[in-house]
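J.: Coordinates in start_3.tsv, TSV, C-alpha atoms, are listed below.
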chain	number	residue	atom	x	y	z
Y	1	MET	CA	0.00	0.00	0.00
Y	2	SER	CA	1.45	3.33	-1.04
Y	3	TRP	CA	1.49	6.37	1.25
Y	4	LYS	CA	-0.99	8.03	-1.09
Y	5	LYS	CA	-3.44	5.20	-0.59
Y	6	VAL	CA	-2.98	5.26	3.18
Y	7	PHE	CA	-3.51	9.00	3.24
Y	8	GLY	CA	-6.59	8.72	0.99
Y	9	THR	CA	-8.13	6.04	3.18
Y	10	LEU	CA	-7.48	8.07	6.31
Y	11	LEU	CA	-9.03	11.15	4.70
Y	12	ALA	CA	-12.09	9.19	3.60
Y	13	LEU	CA	-12.46	7.80	7.14
Y	14	LEU	CA	-12.17	11.28	8.63
Y	15	LEU	CA	-14.81	12.61	6.22
Y	16	LEU	CA	-17.14	9.73	7.05
Y	17	VAL	CA	-16.71	10.35	10.77
Y	18	GLY	CA	-17.42	14.05	10.14
Y	19	CYS	CA	-20.89	13.22	8.85
Y	20	GLN	CA	-21.76	11.26	11.95
Y	21	PRO	CA	-22.90	12.87	15.17
Y	22	LYS	CA	-19.90	13.36	17.46
Y	23	SER	CA	-21.60	13.01	20.82
Y	24	SER	CA	-23.72	10.14	22.12
Y	25	THR	CA	-26.74	12.34	22.75
Y	26	LEU	CA	-29.26	14.06	20.50
Y	27	GLU	CA	-28.21	17.65	19.87
Y	28	VAL	CA	-29.57	20.60	17.92
Y	29	GLN	CA	-26.72	22.65	16.43
Y	30	ASN	CA	-26.12	25.91	14.53
Y	31	ALA	CA	-29.69	27.24	14.74
Y	32	TRP	CA	-30.16	30.38	12.64
Y	33	ALA	CA	-32.82	32.52	10.96
Y	34	ARG	CA	-32.77	35.42	8.52
Y	35	PRO	CA	-33.50	39.01	9.55
Y	36	SER	CA	-37.17	39.83	9.08
Y	37	ILE	CA	-39.78	42.43	9.91
Y	38	ALA	CA	-42.64	42.38	12.43
Y	39	GLY	CA	-45.81	40.73	11.14
Y	40	GLN	CA	-43.91	38.80	8.51
Y	41	ASN	CA	-42.87	35.14	8.43
Y	42	ASP	CA	-39.44	33.59	8.77
Y	43	ALA	CA	-37.74	30.20	8.82
Y	44	VAL	CA	-35.44	28.60	11.39
Y	45	TYR	CA	-32.69	26.27	10.20
Y	46	PHE	CA	-30.45	23.93	12.24
Y	47	VAL	CA	-28.84	20.50	12.28
Y	48	ILE	CA	-30.24	17.72	14.43
Y	49	ALA	CA	-27.39	15.36	15.33
Y	50	ASN	CA	-28.72	12.11	16.70
Y	51	GLY	CA	-25.70	10.49	18.38
Y	52	THR	CA	-27.84	7.91	20.16
Y	53	SER	CA	-28.44	4.37	18.95
Y	54	GLN	CA	-32.18	5.00	18.92
Y	55	ASP	CA	-34.30	6.45	16.11
Y	56	ASP	CA	-36.08	9.62	17.19
Y	57	THR	CA	-38.74	11.92	15.75
Y	58	LEU	CA	-39.14	15.70	15.82
Y	59	LEU	CA	-42.76	16.31	16.73
Y	60	SER	CA	-43.08	20.09	17.02
Y	61	ALA	CA	-41.32	23.40	17.55
Y	62	SER	CA	-42.33	26.56	19.39
Y	63	VAL	CA	-41.05	30.10	19.84
Y	64	GLU	CA	-42.35	33.05	21.83
Y	65	ILE	CA	-41.68	35.63	19.12
Y	66	ALA	CA	-44.20	34.33	16.53
Y	67	SER	CA	-47.90	33.56	16.71
Y	68	SER	CA	-47.37	30.00	15.47
Y	69	THR	CA	-44.83	27.62	13.95
Y	70	GLU	CA	-45.07	24.86	11.35
Y	71	LEU	CA	-42.68	22.09	10.36
Y	72	HIS	CA	-42.22	22.41	6.62
Y	73	MET	CA	-40.33	20.94	3.75
Y	74	SER	CA	-39.69	22.94	0.59
Y	75	MET	CA	-39.61	20.80	-2.49
Y	76	SER	CA	-39.46	21.19	-6.23
Y	77	GLU	CA	-42.20	19.94	-8.50
Y	78	ALA	CA	-42.03	19.62	-12.28
Y	79	ASN	CA	-41.06	22.65	-14.41
Y	80	ASP	CA	-39.15	24.59	-11.75
Y	81	VAL	CA	-42.18	25.01	-9.52
Y	82	MET	CA	-41.30	25.17	-5.81
Y	83	THR	CA	-43.76	24.38	-3.08
Y	84	MET	CA	-43.83	23.73	0.67
Y	85	LYS	CA	-45.33	20.71	2.35
Y	86	PRO	CA	-46.40	20.80	6.01
Y	87	MET	CA	-44.82	17.92	7.92
Y	88	GLN	CA	-46.60	16.23	10.83
Y	89	GLU	CA	-43.21	15.06	12.10
Y	90	VAL	CA	-39.63	14.59	10.91
Y	91	ALA	CA	-37.74	11.32	11.44
Y	92	VAL	CA	-34.24	11.56	12.95
Y	93	PRO	CA	-32.62	8.10	12.52
Y	94	ALA	CA	-30.03	6.80	14.99
Y	95	HIS	CA	-26.42	7.92	14.39
Y	96	GLN	CA	-27.48	10.40	11.70
Y	97	ASN	CA	-27.64	14.14	11.14
Y	98	VAL	CA	-30.81	15.68	9.74
Y	99	GLU	CA	-30.25	19.09	8.23
Y	100	PHE	CA	-32.84	21.85	8.24
Y	101	ALA	CA	-31.55	24.20	5.51
Y	102	PRO	CA	-32.79	26.66	2.85
Y	103	GLY	CA	-34.77	24.84	0.16
Y	104	GLY	CA	-35.48	21.83	2.41
Y	105	TYR	CA	-36.72	21.23	5.95
Y	106	HIS	CA	-37.39	24.35	8.01
Y	107	VAL	CA	-39.44	25.54	10.96
Y	108	MET	CA	-41.69	28.27	9.57
Y	109	LEU	CA	-42.37	31.13	11.99
Y	110	VAL	CA	-45.78	32.60	11.21
Y	111	GLY	CA	-46.45	36.23	12.14
Y	112	LEU	CA	-43.36	37.59	13.90
Y	113	ALA	CA	-44.25	39.68	16.97
Y	114	LYS	CA	-41.15	41.82	16.52
Y	115	PRO	CA	-38.49	42.52	13.90
Y	116	LEU	CA	-35.43	40.27	13.85
Y	117	GLU	CA	-32.11	41.95	13.15
Y	118	ALA	CA	-28.73	40.41	12.40
Y	119	GLY	CA	-27.03	39.57	15.70
Y	120	ASP	CA	-30.30	39.05	17.63
Y	121	THR	CA	-30.90	35.74	19.34
Y	122	PHE	CA	-34.10	34.04	20.50
Y	123	PRO	CA	-34.90	30.62	22.00
Y	124	ILE	CA	-36.66	27.79	20.12
Y	125	ARG	CA	-38.04	24.71	21.86
Y	126	LEU	CA	-38.11	21.46	19.91
Y	127	ILE	CA	-40.09	18.46	21.13
Y	128	PHE	CA	-38.75	15.00	20.25
Y	129	LYS	CA	-40.58	11.70	20.80
Y	130	THR	CA	-37.67	10.16	22.75
Y	131	ALA	CA	-35.25	12.97	23.64
Y	132	GLY	CA	-38.09	15.15	24.95
Y	133	GLN	CA	-37.78	18.92	24.95
Y	134	ILE	CA	-34.59	20.59	23.70
Y	135	GLN	CA	-34.20	24.36	23.80
Y	136	VAL	CA	-31.51	26.16	21.80
Y	137	GLN	CA	-30.71	29.78	20.92
Y	138	VAL	CA	-31.33	30.86	17.32
Y	139	THR	CA	-28.89	33.41	15.90
Y	140	VAL	CA	-30.25	35.92	13.38
Y	141	LYS	CA	-27.91	36.33	10.39
Y	142	GLU	CA	-28.02	36.99	6.65
Y	143	GLN	CA	-26.73	33.60	5.44
E	1	MET	CA	17.58	25.18	-48.93
E	2	ASP	CA	14.90	22.48	-48.79
E	3	ARG	CA	15.00	22.60	-45.05
E	4	LYS	CA	14.46	26.35	-45.02
E	5	LEU	CA	11.46	25.98	-47.30
E	6	ALA	CA	9.99	23.28	-45.09
E	7	TRP	CA	10.29	25.53	-42.02
E	8	VAL	CA	8.65	28.44	-43.78
E	9	GLY	CA	5.84	26.13	-44.89
E	10	LEU	CA	5.34	24.78	-41.35
E	11	ALA	CA	5.36	28.25	-39.84
E	12	SER	CA	2.77	29.47	-42.35
E	13	LEU	CA	0.54	26.49	-41.61
E	14	ALA	CA	0.82	27.16	-37.87
E	15	LEU	CA	-0.10	30.81	-38.40
E	16	ILE	CA	-3.15	29.89	-40.48
E	17	ALA	CA	-4.29	27.39	-37.86
E	18	LEU	CA	-3.88	30.01	-35.15
E	19	ALA	CA	-5.89	32.52	-37.17
E	20	ILE	CA	-8.73	30.01	-37.64
E	21	VAL	CA	-8.85	29.19	-33.92
E	22	ALA	CA	-8.81	32.89	-33.00
E	23	THR	CA	-11.65	33.67	-35.42
E	24	LEU	CA	-13.71	30.79	-34.04
E	25	MET	CA	-13.15	31.96	-30.46
E	26	LEU	CA	-13.92	35.60	-31.14
E	27	GLY	CA	-16.99	34.76	-33.20
E	28	LYS	CA	-18.42	32.54	-30.46
E	29	PRO	CA	-21.12	34.04	-28.25
E	30	PRO	CA	-20.07	34.36	-24.57
E	31	GLN	CA	-20.49	31.23	-22.50
E	32	PHE	CA	-23.15	31.94	-19.89
E	33	ARG	CA	-23.63	29.81	-16.80
E	34	GLY	CA	-27.40	30.28	-16.82
E	35	THR	CA	-29.80	28.73	-19.31
E	36	THR	CA	-29.79	30.78	-22.53
E	37	TYR	CA	-32.95	31.63	-24.46
E	38	ASP	CA	-32.41	30.39	-28.02
E	39	PRO	CA	-33.44	32.42	-29.88
E	40	LEU	CA	-33.57	35.53	-27.70
E	41	VAL	CA	-37.12	36.84	-27.39
E	42	PRO	CA	-38.26	40.40	-26.67
E	43	ALA	CA	-39.35	40.49	-22.99
E	44	PRO	CA	-43.13	41.08	-22.80
E	45	GLU	CA	-44.11	44.46	-21.32
E	46	ILE	CA	-44.64	44.70	-17.58
E	47	ALA	CA	-46.59	47.72	-16.32
E	48	LEU	CA	-47.35	47.58	-12.60
E	49	LYS	CA	-47.60	49.99	-9.68
E	50	LYS	CA	-44.62	50.64	-7.43
E	51	ALA	CA	-44.98	51.38	-3.71
E	52	ASN	CA	-44.64	55.14	-4.35
E	53	GLY	CA	-47.61	55.08	-6.73
E	54	GLU	CA	-45.53	55.47	-9.87
E	55	GLU	CA	-45.89	53.00	-12.69
E	56	TYR	CA	-43.02	50.63	-13.40
E	57	ARG	CA	-42.61	49.82	-17.09
E	58	LEU	CA	-40.09	47.21	-18.17
E	59	THR	CA	-39.63	48.92	-21.56
E	60	ASP	CA	-38.41	52.06	-19.72
E	61	GLN	CA	-35.46	50.03	-18.33
E	62	LYS	CA	-33.61	49.46	-21.63
E	63	GLY	CA	-29.89	49.88	-21.12
E	64	LYS	CA	-30.12	48.05	-17.80
E	65	VAL	CA	-29.97	44.32	-17.12
E	66	VAL	CA	-33.19	43.41	-15.30
E	67	LEU	CA	-33.59	40.30	-13.14
E	68	LEU	CA	-37.20	39.22	-12.62
E	69	TYR	CA	-38.20	36.96	-9.76
E	70	PHE	CA	-41.77	35.94	-8.92
E	71	GLY	CA	-42.77	35.10	-5.33
E	72	TYR	CA	-44.82	36.30	-2.36
E	73	THR	CA	-44.22	37.95	0.99
E	74	TYR	CA	-45.80	35.14	3.02
E	75	CYS	CA	-43.02	32.86	1.66
E	76	PRO	CA	-40.53	31.99	4.47
E	77	ASP	CA	-37.89	29.91	2.71
E	78	ILE	CA	-37.55	29.82	-1.11
E	79	CYS	CA	-38.21	33.54	-1.77
E	80	PRO	CA	-35.90	34.95	0.93
E	81	THR	CA	-33.20	32.42	-0.01
E	82	THR	CA	-33.38	33.52	-3.66
E	83	LEU	CA	-33.44	37.23	-2.79
E	84	ALA	CA	-30.42	36.72	-0.50
E	85	THR	CA	-28.60	35.07	-3.44
E	86	LEU	CA	-29.52	37.98	-5.73
E	87	LYS	CA	-28.36	40.43	-3.06
E	88	GLN	CA	-24.93	38.77	-2.95
E	89	ALA	CA	-24.53	38.88	-6.73
E	90	TYR	CA	-25.77	42.50	-6.75
E	91	THR	CA	-23.44	43.69	-3.99
E	92	ASN	CA	-20.44	42.06	-5.63
E	93	LEU	CA	-21.06	43.98	-8.86
E	94	GLY	CA	-19.62	47.00	-7.05
E	95	SER	CA	-19.93	50.17	-9.14
E	96	ASP	CA	-21.71	48.22	-11.92
E	97	ALA	CA	-24.70	47.59	-9.64
E	98	ASN	CA	-26.45	50.68	-11.05
E	99	LYS	CA	-26.57	48.91	-14.43
E	100	VAL	CA	-28.64	46.09	-12.93
E	101	GLU	CA	-32.18	46.12	-11.56
E	102	ILE	CA	-33.72	43.43	-9.39
E	103	VAL	CA	-37.51	43.16	-9.51
E	104	PHE	CA	-39.70	41.00	-7.25
E	105	ILE	CA	-43.24	40.46	-8.60
E	106	THR	CA	-45.99	38.87	-6.52
E	107	VAL	CA	-47.81	35.63	-7.31
E	108	ASP	CA	-50.21	36.37	-4.43
E	109	PRO	CA	-51.96	39.72	-5.10
E	110	ASP	CA	-54.74	38.98	-2.56
E	111	ARG	CA	-52.21	39.41	0.26
E	112	ASP	CA	-49.42	41.48	-1.33
E	113	THR	CA	-49.66	45.21	-2.04
E	114	PRO	CA	-46.92	47.19	-3.83
E	115	GLN	CA	-46.05	48.54	-0.35
E	116	SER	CA	-45.72	45.13	1.33
E	117	MET	CA	-43.67	43.87	-1.64
E	118	GLN	CA	-41.33	46.87	-1.33
E	119	ARG	CA	-40.98	46.41	2.45
E	120	TYR	CA	-40.09	42.77	1.79
E	121	VAL	CA	-37.32	43.53	-0.72
E	122	ASN	CA	-36.00	46.42	1.40
E	123	GLN	CA	-34.83	43.81	3.91
E	124	PHE	CA	-32.34	42.71	1.28
E	125	ASP	CA	-31.58	45.95	-0.59
E	126	ALA	CA	-33.56	49.19	-0.78
E	127	SER	CA	-32.73	49.52	-4.48
E	128	PHE	CA	-34.61	46.28	-5.30
E	129	ILE	CA	-38.12	46.89	-6.63
E	130	GLY	CA	-41.27	45.16	-5.33
E	131	LEU	CA	-44.36	45.10	-7.56
E	132	SER	CA	-47.98	44.05	-7.15
E	133	GLY	CA	-51.35	44.85	-8.67
E	134	SER	CA	-54.74	43.27	-9.21
E	135	THR	CA	-55.01	39.66	-10.37
E	136	ALA	CA	-56.32	41.07	-13.67
E	137	ASP	CA	-53.13	43.18	-14.02
E	138	LEU	CA	-50.84	40.30	-13.07
E	139	GLN	CA	-52.41	37.37	-14.91
E	140	PRO	CA	-51.08	38.43	-18.35
E	141	VAL	CA	-47.58	38.91	-16.88
E	142	TRP	CA	-47.57	35.45	-15.27
E	143	THR	CA	-48.87	33.91	-18.49
E	144	GLU	CA	-46.42	35.63	-20.82
E	145	TYR	CA	-43.43	34.84	-18.59
E	146	GLY	CA	-44.52	31.23	-18.06
E	147	ILE	CA	-45.03	31.63	-14.31
E	148	PHE	CA	-47.17	28.87	-12.84
E	149	ARG	CA	-48.92	29.61	-9.54
E	150	GLU	CA	-51.29	27.57	-7.45
E	151	LEU	CA	-52.85	28.60	-4.14
E	152	GLY	CA	-52.84	25.87	-1.48
E	153	PRO	CA	-55.73	25.15	0.89
E	154	LYS	CA	-56.41	27.68	3.67
E	155	ASP	CA	-55.56	26.59	7.20
E	156	ALA	CA	-57.57	27.42	10.34
E	157	SER	CA	-56.08	30.95	10.44
E	158	GLY	CA	-56.84	31.54	6.75
E	159	ASN	CA	-53.17	31.21	5.77
E	160	TYR	CA	-52.14	29.38	2.63
E	161	ILE	CA	-49.03	28.38	0.69
E	162	VAL	CA	-48.52	29.38	-2.94
E	163	SER	CA	-46.66	26.95	-5.21
E	164	HIS	CA	-44.93	28.93	-7.91
E	165	THR	CA	-42.29	28.87	-10.62
E	166	ALA	CA	-39.05	29.78	-8.86
E	167	ARG	CA	-36.83	30.57	-11.88
E	168	ILE	CA	-34.95	33.85	-12.05
E	169	LEU	CA	-35.42	35.47	-15.50
E	170	VAL	CA	-32.85	37.86	-16.94
E	171	VAL	CA	-33.70	40.63	-19.42
E	172	ASP	CA	-30.66	42.06	-21.23
E	173	LYS	CA	-29.86	45.72	-22.02
E	174	GLN	CA	-31.67	45.46	-25.35
E	175	GLY	CA	-34.88	44.30	-23.65
E	176	ASN	CA	-34.61	40.64	-24.64
E	177	LEU	CA	-35.23	37.66	-22.39
E	178	HIS	CA	-31.70	36.30	-22.40
E	179	LEU	CA	-31.09	33.92	-19.47
E	180	SER	CA	-32.80	32.07	-16.67
E	181	TYR	CA	-31.72	30.19	-13.55
E	182	PRO	CA	-33.45	27.44	-11.61
E	183	TYR	CA	-33.87	27.71	-7.83
E	184	GLY	CA	-30.56	27.16	-6.03
E	185	GLU	CA	-28.22	28.84	-8.52
E	186	GLN	CA	-24.99	30.08	-6.89
E	187	TRP	CA	-24.58	33.86	-6.66
E	188	GLN	CA	-21.10	33.58	-8.22
E	189	ASP	CA	-22.60	32.16	-11.43
E	190	ILE	CA	-25.20	34.92	-11.61
E	191	LEU	CA	-22.50	37.54	-11.01
E	192	PHE	CA	-20.38	36.02	-13.81
E	193	ASP	CA	-23.27	36.25	-16.29
E	194	LEU	CA	-24.28	39.77	-15.19
E	195	ARG	CA	-20.75	41.03	-15.89
E	196	LEU	CA	-20.92	39.50	-19.40
E	197	LEU	CA	-24.35	41.04	-20.07
E	198	ILE	CA	-23.32	44.48	-18.74
E	199	ASN	CA	-20.32	44.56	-21.09
E	200	GLN	CA	-22.21	43.12	-24.02
E	201	GLY	CA	-23.04	45.33	-27.03
E	202	GLY	CA	-20.96	48.31	-25.82
E	203	SER	CA	-22.98	51.53	-25.70
E	204	GLN	CA	-25.75	50.42	-28.06
E	205	GLY	CA	-28.04	49.54	-25.12
As structure tokens - that is how I would like this structure written.

T.:
Amino acid sequence: MSWKKVFGTLLALLLLVGCQPKSSTLEVQNAWARPSIAGQNDAVYFVIANGTSQDDTLLSASVEIASSTELHMSMSEANDVMTMKPMQEVAVPAHQNVEFAPGGYHVMLVGLAKPLEAGDTFPIRLIFKTAGQIQVQVTVKEQ
Amino acid sequence: MDRKLAWVGLASLALIALAIVATLMLGKPPQFRGTTYDPLVPAPEIALKKANGEEYRLTDQKGKVVLLYFGYTYCPDICPTTLATLKQAYTNLGSDANKVEIVFITVDPDRDTPQSMQRYVNQFDASFIGLSGSTADLQPVWTEYGIFRELGPKDASGNYIVSHTARILVVDKQGNLHLSYPYGEQWQDILFDLRLLINQGGSQG
């Protein structure tokens, strides 16, 4: 085995490990939302890292700064048409990361009670079937 | 003597080949990263009210590159993501930004006024333009630009989702529909094409 091969294998292993949750618990990481104005809607994005050996399910989300929230998935239909589908729940399989990101899963905030400016933070509470309630801070930023 | 002749012959051949390649390259249209309209078609007129009450006419914008994007202010994900992408391309144009106009047109006139559309785009850049009007005013625009829209069912609070065509359409300085991008295009690719379109055709725009 050449050094190149050894290096390549190590790199591939490292990359693989990088996609797996690092801790042995279920964590919600890098929560963010775009700046928005009062009365308008917004979306919260984050990564759910399920480091446990048990499948889990995201059941709901809530924030104090909006009148309601919905779990959504944006998806493309034929001919460049984009739509959003309300999700009753989102599966978070064991040892996997589920990404909530622009153009995919997101928590829609309906009717913001106040404007959100870059640098602001606010709490979001996520309810999981097994992990229970997890609260994290959402950072407001452009991208 | 023979050798000298052979060299001259070879050199001439090389020069001719070079000339052919150069002509081919110069004659080629620029390579855009977006989808090119083939053939280019004159962009249908758009005449809609702006937030300040003035009428916006697409035909008045000749000489500028105009990016058209259709969406709605209730939209939490696809529309803001696309406008944020357009903002990045726009900002990176630097001093050429005044040669480009970014226009956001509603697919949801029952909820969007010219004012709410303008407030929405102001979050990204105050020089973007938000347009709305009556369904009767907008229907011909959606039809002529191939914009599909479908209102989803109303929920308990009366809210609804609008499925809509999420392509960005680009009108060149001569007023032709020139390029389009699907949802998810990188801002760097849009910036690349905008620079080509700005410099295209010299001062004839």

J.: Output, as JSON, the centre and edge lengths in Å (one decimal) of the axis-aligned box that contains all listed atoms of stretch 105-114 of chain Y with 6 Å of margin on each side.

T.:
{"center_x": -41.6, "center_y": 31.5, "center_z": 11.5, "size_x": 21.7, "size_y": 32.6, "size_z": 23.0}

J.: For chain Y, which of E:Pro76, E:Pro114, E:Pro42, E:Gly175 is the closest residue, counting all atoms listed in the file?

T.: E:Pro76

J.: Find the nearest atom pair between each residue of chain Y and chain E for residues within 8 Å, count all atoms listed in the file, give distances in Å to one decimal, sort rows by chain and ascending number, and present the table as CSV.

T.:
residue,atom,partner,partner_atom,distance
Y:Pro35,CA,E:Gln123,CA,7.5
Y:Ser36,CA,E:Gln123,CA,6.9
Y:Ile37,CA,E:Gln123,CA,7.9
Y:Gln40,CA,E:Tyr74,CA,6.9
Y:Asn41,CA,E:Pro76,CA,5.6
Y:Asp42,CA,E:Pro76,CA,4.7
Y:Ala43,CA,E:Pro76,CA,5.5
Y:Ser74,CA,E:Ile78,CA,7.4
Y:Asn79,CA,E:Thr165,CA,7.4
Y:Asp80,CA,E:Thr165,CA,5.4
Y:Val81,CA,E:Thr165,CA,4.0
Y:Met82,CA,E:His164,CA,5.6
Y:Thr83,CA,E:Ser163,CA,4.4
Y:Met84,CA,E:Ile161,CA,7.0
Y:Pro102,CA,E:Asp77,CA,6.0
Y:Gly103,CA,E:Ile78,CA,5.8
Y:His106,CA,E:Asp77,CA,7.7
Y:Met108,CA,E:Pro76,CA,6.4
Y:Leu109,CA,E:Pro76,CA,7.8
Y:Glu142,CA,E:Ala84,CA,7.5
Y:Gln143,CA,E:Ala84,CA,7.7

J.: Next, dump the selected residues to file, keeping only C-alpha atoms, as a PDB file, in the frame of the given file.

T.:
ATOM      1  CA  PRO Y  35     -33.500  39.010   9.550  1.00  0.00           C
ATOM      2  CA  SER Y  36     -37.170  39.830   9.080  1.00  0.00           C
ATOM      3  CA  ILE Y  37     -39.780  42.430   9.910  1.00  0.00           C
ATOM      4  CA  GLN Y  40     -43.910  38.800   8.510  1.00  0.00           C
ATOM      5  CA  ASN Y  41     -42.870  35.140   8.430  1.00  0.00           C
ATOM      6  CA  ASP Y  42     -39.440  33.590   8.770  1.00  0.00           C
ATOM      7  CA  ALA Y  43     -37.740  30.200   8.820  1.00  0.00           C
ATOM      8  CA  SER Y  74     -39.690  22.940   0.590  1.00  0.00           C
ATOM      9  CA  ASN Y  79     -41.060  22.650 -14.410  1.00  0.00           C
ATOM     10  CA  ASP Y  80     -39.150  24.590 -11.750  1.00  0.00           C
ATOM     11  CA  VAL Y  81     -42.180  25.010  -9.520  1.00  0.00           C
ATOM     12  CA  MET Y  82     -41.300  25.170  -5.810  1.00  0.00           C
ATOM     13  CA  THR Y  83     -43.760  24.380  -3.080  1.00  0.00           C
ATOM     14  CA  MET Y  84     -43.830  23.730   0.670  1.00  0.00           C
ATOM     15  CA  PRO Y 102     -32.790  26.660   2.850  1.00  0.00           C
ATOM     16  CA  GLY Y 103     -34.770  24.840   0.160  1.00  0.00           C
ATOM     17  CA  HIS Y 106     -37.390  24.350   8.010  1.00  0.00           C
ATOM     18  CA  MET Y 108     -41.690  28.270   9.570  1.00  0.00           C
ATOM     19  CA  LEU Y 109     -42.370  31.130  11.990  1.00  0.00           C
ATOM     20  CA  GLU Y 142     -28.020  36.990   6.650  1.00  0.00           C
ATOM     21  CA  GLN Y 143     -26.730  33.600   5.440  1.00  0.00           C
TER      22      GLN Y 143
END

J.: Enter the distance from atom CA of E:Asp193 to atom CA of E:Ile102, in Å, rounded to one decimal.

T.: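 Pair atom CA of E:Asp193 / atom CA of E:Ile102 returns 14.4 Å.
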
J.: For Y:Val90, which residue out of Y:Leu71, Y:Ala78, Y:Ala38, Y:Leu26 is the nearest one, using all atoms listed in the file?

T.: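 Checking each candidate against Y:Val90, we get Y:Leu71 as the closest.
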
J.: What lies within 8 Å of E:Ile190 using all atoms listed in the file, ignoring chain neighbours under 6 positions off, as a ChimeraX atom specification?

T.: /E:33-34,86,89

J.: Env of E:Pro109: 7 Å cut, atoms = all atoms listed in the file, seq-sep filter 2 positions within chain, self excluded. Answer as a list of chain:residue names.

T.: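 What passes the distance filter is E:Thr106, E:Val107, E:Arg111, E:Asp112, E:Thr113, E:Ser132, E:Gly133, E:Ser134, E:Thr135.
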
J.: Near Y:Ile48, counting only C-alpha atoms, which residues have an atom at most 7 Å away, once you skip same-chain residues fewer than 2 positions from it, shown as a PyMOL selection string?

T.: chain Y and resi 27-29+46+50+97-99

J.: Could you list, as a list in words, every residue within 8 Å of E:Gly63, counting all atoms listed in the file and ignoring same-chain residues fewer than 4 positions away?

T.: Lys99, Asp172, Lys173, Gln174, Gly175 and Gly205 of chain E

J.: Using only C-alpha atoms, pick whichever of E:Phe104, E:Trp142, E:Phe70, E:Tyr90 has the shortest atom-to-atom distance to E:Pro44.

T.: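 The closest residue to E:Pro44 is E:Trp142.
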
J.: Would you compute the distance between atom CA of Y:Val136 and atom CA of E:Ser157? Give it in Å to one decimal.

T.: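 According to the coordinates, atom CA of Y:Val136 and atom CA of E:Ser157 are separated by 27.5 Å.
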
J.: Please, what distance in Å, to one decimal, runs between atom CA of E:Val100 and atom CA of E:Leu169?

T.: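 Separation of atom CA of E:Val100 and atom CA of E:Leu169: 12.9 Å.
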
J.: Taking (-33.3, 37.5, -21.4) in the file's own coordinates, collect the residues within 8 Å, counting all atoms listed in the file, and hand them back as a short mmCIF file (atom, residue, chain, number, x, y, z; two decimals) with C-alpha atoms, in the frame of the given file.

T.:
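Result file out-v1.cif:
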data_model
loop_
_atom_site.label_atom_id
_atom_site.label_comp_id
_atom_site.auth_asym_id
_atom_site.auth_seq_id
_atom_site.Cartn_x
_atom_site.Cartn_y
_atom_site.Cartn_z
CA THR E 36 -29.79 30.78 -22.53
CA TYR E 37 -32.95 31.63 -24.46
CA LEU E 40 -33.57 35.53 -27.70
CA VAL E 41 -37.12 36.84 -27.39
CA PRO E 42 -38.26 40.40 -26.67
CA ALA E 43 -39.35 40.49 -22.99
CA LEU E 169 -35.42 35.47 -15.50
CA VAL E 170 -32.85 37.86 -16.94
CA VAL E 171 -33.70 40.63 -19.42
CA ASP E 172 -30.66 42.06 -21.23
CA GLY E 175 -34.88 44.30 -23.65
CA ASN E 176 -34.61 40.64 -24.64
CA LEU E 177 -35.23 37.66 -22.39
CA HIS E 178 -31.70 36.30 -22.40
CA LEU E 179 -31.09 33.92 -19.47
CA SER E 180 -32.80 32.07 -16.67
#
